[in-house]
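Everything below concerns the one structure shown next.
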Amino acid sequence: MTTFGDQVREYGGAPVGSGRFSSPWAKHYFVDAIDGKVNNGGLNPDDAMSTIQGAIDLAVGGDVIYIRPQSYTLGTGFARYEESVTITQGGTAGSGQTATNANISLIGVTQRRAGPPSDGTGVRWKYATAASGCLIVQAPATHVENIGFFAEDATTFAIHLDGDSGTRAVGWDFSSFYNCAIKGKQLYAEGGGDGLQIVGCMFQTKHDGTGTPSINLVGSAGAVTRPIIHNCHFLGGNLNNCYTTPLATLGPVYDISIRECYFTYDPDTGDYITFTGGATANSGFVSNCYFASEDANAKLQSIVSGANGVWGAGLCDENGMVDLSS
């Protein structure tokens, strides 16, 4: 089992080696764009690899990859890793097969304890290819933490959770994103999936406010089941508010939990949150959220009176509690 000194910490401040990212069965890989090398073994900080994809190619299910922040330049902040990375499923697709890359973790090393995420501190990651975004996840139970993704001019997405419910090759089954910042393009999950967790993250649209939804959960032939979206911030661009819906779903959504989230000013078009299919197609709740709006009721029509099967409680706008009865 790999252990480390107190200088390497997990999210929340506990030293790595005594926290939840330790496992007697896992290998720990290190990525360091400053001092690492492509052909290094990656199993300790002094032998770190230089690319995230290189470490992922060596890792198997259960392994943990720690990523070092790059140097800080006044006026522009921490330098970015510029890669378009894919975590493949591993093994053979199809129900009953083993996904050998399930449960890989990507952890940005930071001195911060729990707090609002930012794409300007710690590990920053920009795509290398606009069409591929920053990260494509095809392996279930992937965990990503403490990383700022910059995808201002990506073609479609910053992060793509690639799913196919028919073959059970579902990259967003039980995957999780904690304390990450995604700027410019969406976290796009397709094909249906179960148990996705997005906790303590910040989503911001492009500089001018345009673009696709920040989170887009697409069920298609398979249902979106038991997703958790807690304590997240949804922001407009530097020059404008959100152009369109920040949080969108398509297809049946079962037992969704959206709680303690903050939404910036009214989107130019659409609602803050959208569900489709009517009252019998979906289930779940939206609770204890704040909307920077003079009349959030007008932008929450998908959950007013449970019109689409998802109920709201404890929602506030600039005038206090939002009346969801009509």
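Chain lettering (A, B, ...) mirrors the order of the structure tokens, residue numbering begins at 1 for each chain separately, and ligand numbering begins at 1 in order of display.
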**Q.** Residues within 9 Å of A:Phe203, only C-alpha atoms, excluding chain neighbours under 4 positions, as a ChimeraX atom specification
**A.** /A:180-187,214-215,232-236,246
**Q.** Contacts of A:Val304 at 10 Å (only C-alpha atoms; same-chain gap of 4+ positions) as a ChimeraX atom specification
**A.** /A:297-300,308-312,322-326
Could you build a table of the residues in stretch 119-236 of chain A lying no more than 12 Å from stretch 253-276 of chain A, giving for each the nearest pair of atoms and their separation in Å rounded to one decimal place, using only C-alpha atoms, ordered by chain and ascending residue number, as a Markdown table?
| residue | atom | partner | partner_atom | distance |
| --- | --- | --- | --- | --- |
| A:Gly192 | CA | A:Val253 | CA | 9.0 |
| A:Gly193 | CA | A:Val253 | CA | 9.8 |
| A:Asp194 | CA | A:Tyr254 | CA | 9.3 |
| A:Gly195 | CA | A:Ile256 | CA | 9.4 |
| A:Leu196 | CA | A:Ile256 | CA | 9.8 |
| A:Gln197 | CA | A:Ser257 | CA | 9.6 |
| A:Ile198 | CA | A:Ile258 | CA | 9.6 |
| A:Val199 | CA | A:Cys261 | CA | 9.7 |
| A:Gly200 | CA | A:Cys261 | CA | 8.8 |
| A:Cys201 | CA | A:Cys261 | CA | 9.6 |
| A:Met202 | CA | A:Tyr262 | CA | 9.4 |
| A:Phe203 | CA | A:Phe263 | CA | 9.8 |
| A:Gln204 | CA | A:Thr264 | CA | 9.7 |
| A:Thr205 | CA | A:Pro267 | CA | 10.9 |
| A:Asp208 | CA | A:Asp268 | CA | 12.0 |
| A:Gly209 | CA | A:Pro267 | CA | 9.1 |
| A:Thr210 | CA | A:Asp268 | CA | 9.4 |
| A:Gly211 | CA | A:Pro267 | CA | 11.3 |
| A:Thr212 | CA | A:Thr269 | CA | 11.3 |
| A:Pro213 | CA | A:Ile273 | CA | 9.5 |
| A:Ser214 | CA | A:Ile273 | CA | 10.6 |
| A:Ile215 | CA | A:Ile273 | CA | 9.8 |
| A:Asn216 | CA | A:Thr274 | CA | 9.8 |
| A:Leu217 | CA | A:Val253 | CA | 8.9 |
| A:Val218 | CA | A:Val253 | CA | 9.1 |
| A:Gly219 | CA | A:Val253 | CA | 7.5 |
| A:Ser220 | CA | A:Val253 | CA | 10.5 |
| A:Ala221 | CA | A:Val253 | CA | 11.7 |
| A:Gly222 | CA | A:Val253 | CA | 9.5 |
| A:Ala223 | CA | A:Val253 | CA | 5.9 |
| A:Val224 | CA | A:Val253 | CA | 4.6 |
| A:Thr225 | CA | A:Tyr254 | CA | 4.8 |
| A:Arg226 | CA | A:Asp255 | CA | 4.9 |
| A:Pro227 | CA | A:Ile256 | CA | 5.1 |
| A:Ile228 | CA | A:Ser257 | CA | 4.9 |
| A:Ile229 | CA | A:Ile258 | CA | 4.8 |
| A:His230 | CA | A:Arg259 | CA | 4.9 |
| A:Asn231 | CA | A:Cys261 | CA | 4.7 |
| A:Cys232 | CA | A:Cys261 | CA | 4.8 |
| A:His233 | CA | A:Tyr262 | CA | 4.8 |
| A:Phe234 | CA | A:Phe263 | CA | 4.9 |
| A:Leu235 | CA | A:Thr264 | CA | 5.2 |
| A:Gly236 | CA | A:Thr264 | CA | 6.5 |
Q | Filtered DSSP result for stretch 75-202 of chain A, state strand (DSSP E), as a PyMOL selection string | A | chain A and resi 77-78+80-82+85-87+105-108+123-126+135-137+143-145+147-150+157-161+163-164+169-170+176-178+181-183+186-189+193-194+197-199+202
Written selection (C-alpha atoms) as a compact mmCIF listing (two decimals), in the first residue's frame:
# COMPACT_ATOMS: atom_id res chain seq x y z
CA GLY A 77 -2.85 32.04 -13.19
CA PHE A 78 -1.80 28.41 -13.10
CA ARG A 80 -3.02 24.32 -17.88
CA TYR A 81 -2.64 20.71 -18.84
CA GLU A 82 -3.70 20.66 -22.49
CA VAL A 85 -8.25 12.34 -22.43
CA THR A 86 -10.33 9.15 -22.64
CA ILE A 87 -10.90 6.63 -19.85
CA SER A 105 -9.90 8.21 -9.53
CA LEU A 106 -8.40 11.47 -10.84
CA ILE A 107 -7.43 13.80 -8.00
CA GLY A 108 -6.05 17.31 -8.36
CA VAL A 123 -5.00 21.88 -11.34
CA ARG A 124 -6.32 23.45 -14.57
CA TRP A 125 -7.13 21.36 -17.63
CA LYS A 126 -7.87 22.49 -21.18
CA LEU A 135 -12.40 14.25 -20.79
CA ILE A 136 -14.40 11.33 -22.21
CA VAL A 137 -15.45 8.74 -19.62
CA HIS A 143 -14.19 9.66 -9.68
CA VAL A 144 -12.85 13.15 -10.46
CA GLU A 145 -12.00 15.76 -7.82
CA ILE A 147 -9.89 19.95 -11.12
CA GLY A 148 -10.79 23.06 -13.13
CA PHE A 149 -11.82 22.24 -16.71
CA PHE A 150 -11.55 25.02 -19.30
CA PHE A 157 -18.67 19.43 -24.31
CA ALA A 158 -16.00 19.77 -21.63
CA ILE A 159 -16.74 16.33 -20.18
CA HIS A 160 -18.58 13.53 -21.97
CA LEU A 161 -19.94 10.61 -19.96
CA GLY A 163 -23.17 5.57 -22.25
CA ASP A 164 -25.04 2.80 -24.02
CA ALA A 169 -21.29 0.16 -21.45
CA VAL A 170 -22.25 3.13 -19.31
CA SER A 176 -18.75 11.21 -9.39
CA PHE A 177 -17.39 14.74 -9.68
CA TYR A 178 -16.49 16.60 -6.48
CA ALA A 181 -15.07 23.76 -11.98
CA ILE A 182 -16.28 23.46 -15.57
CA LYS A 183 -16.14 26.57 -17.73
CA GLN A 186 -21.23 21.28 -20.68
CA LEU A 187 -20.91 18.12 -18.67
CA TYR A 188 -22.80 15.91 -21.10
CA ALA A 189 -24.06 12.48 -20.04
CA GLY A 193 -27.19 5.79 -16.38
CA ASP A 194 -27.47 5.20 -12.65
CA GLN A 197 -23.00 12.30 -8.31
CA ILE A 198 -22.07 15.94 -8.95
CA VAL A 199 -21.21 17.58 -5.64
CA MET A 202 -19.09 25.23 -10.25
Q. Out of stretch 8-242 of chain A, which residues get helix (DSSP H, G or I) from DSSP, as a PyMOL selection string?
A. chain A and resi 45-47+52-58+130-132
Q: Fewer than 4 positions away in the same chain doesn't count, so skip those; otherwise give me all residues within 10 Å of A:Gly122, counting only C-alpha atoms, as a list in words.
A: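 In the requested form, the answer reads Ile67, Arg68, Pro69, Gln70, Ser71, Tyr72, Gly77, Phe78, Ala79, Arg80, Gly108, Val109, Thr110, Gln111, Arg112, Pro117, Ser118, Asn146, Ile147 and Gly148 of chain A.
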Q. Please, what distance in Å, to one decimal, runs between atom CA of A:Asp153 and atom CA of A:Ala130?
A. 6.8 Å
(Q) One decimal, in Å: what's the spacing between atom CA of A:Ser175 and atom CA of A:Val38? (A) 27.5 Å
Q: Within 6 Å of A:Ala26, counting only C-alpha atoms, which residues show up once you throw out same-chain ones fewer than 3 positions away? Write them as a PyMOL selection string, please.
A: chain A and resi 23+62-63
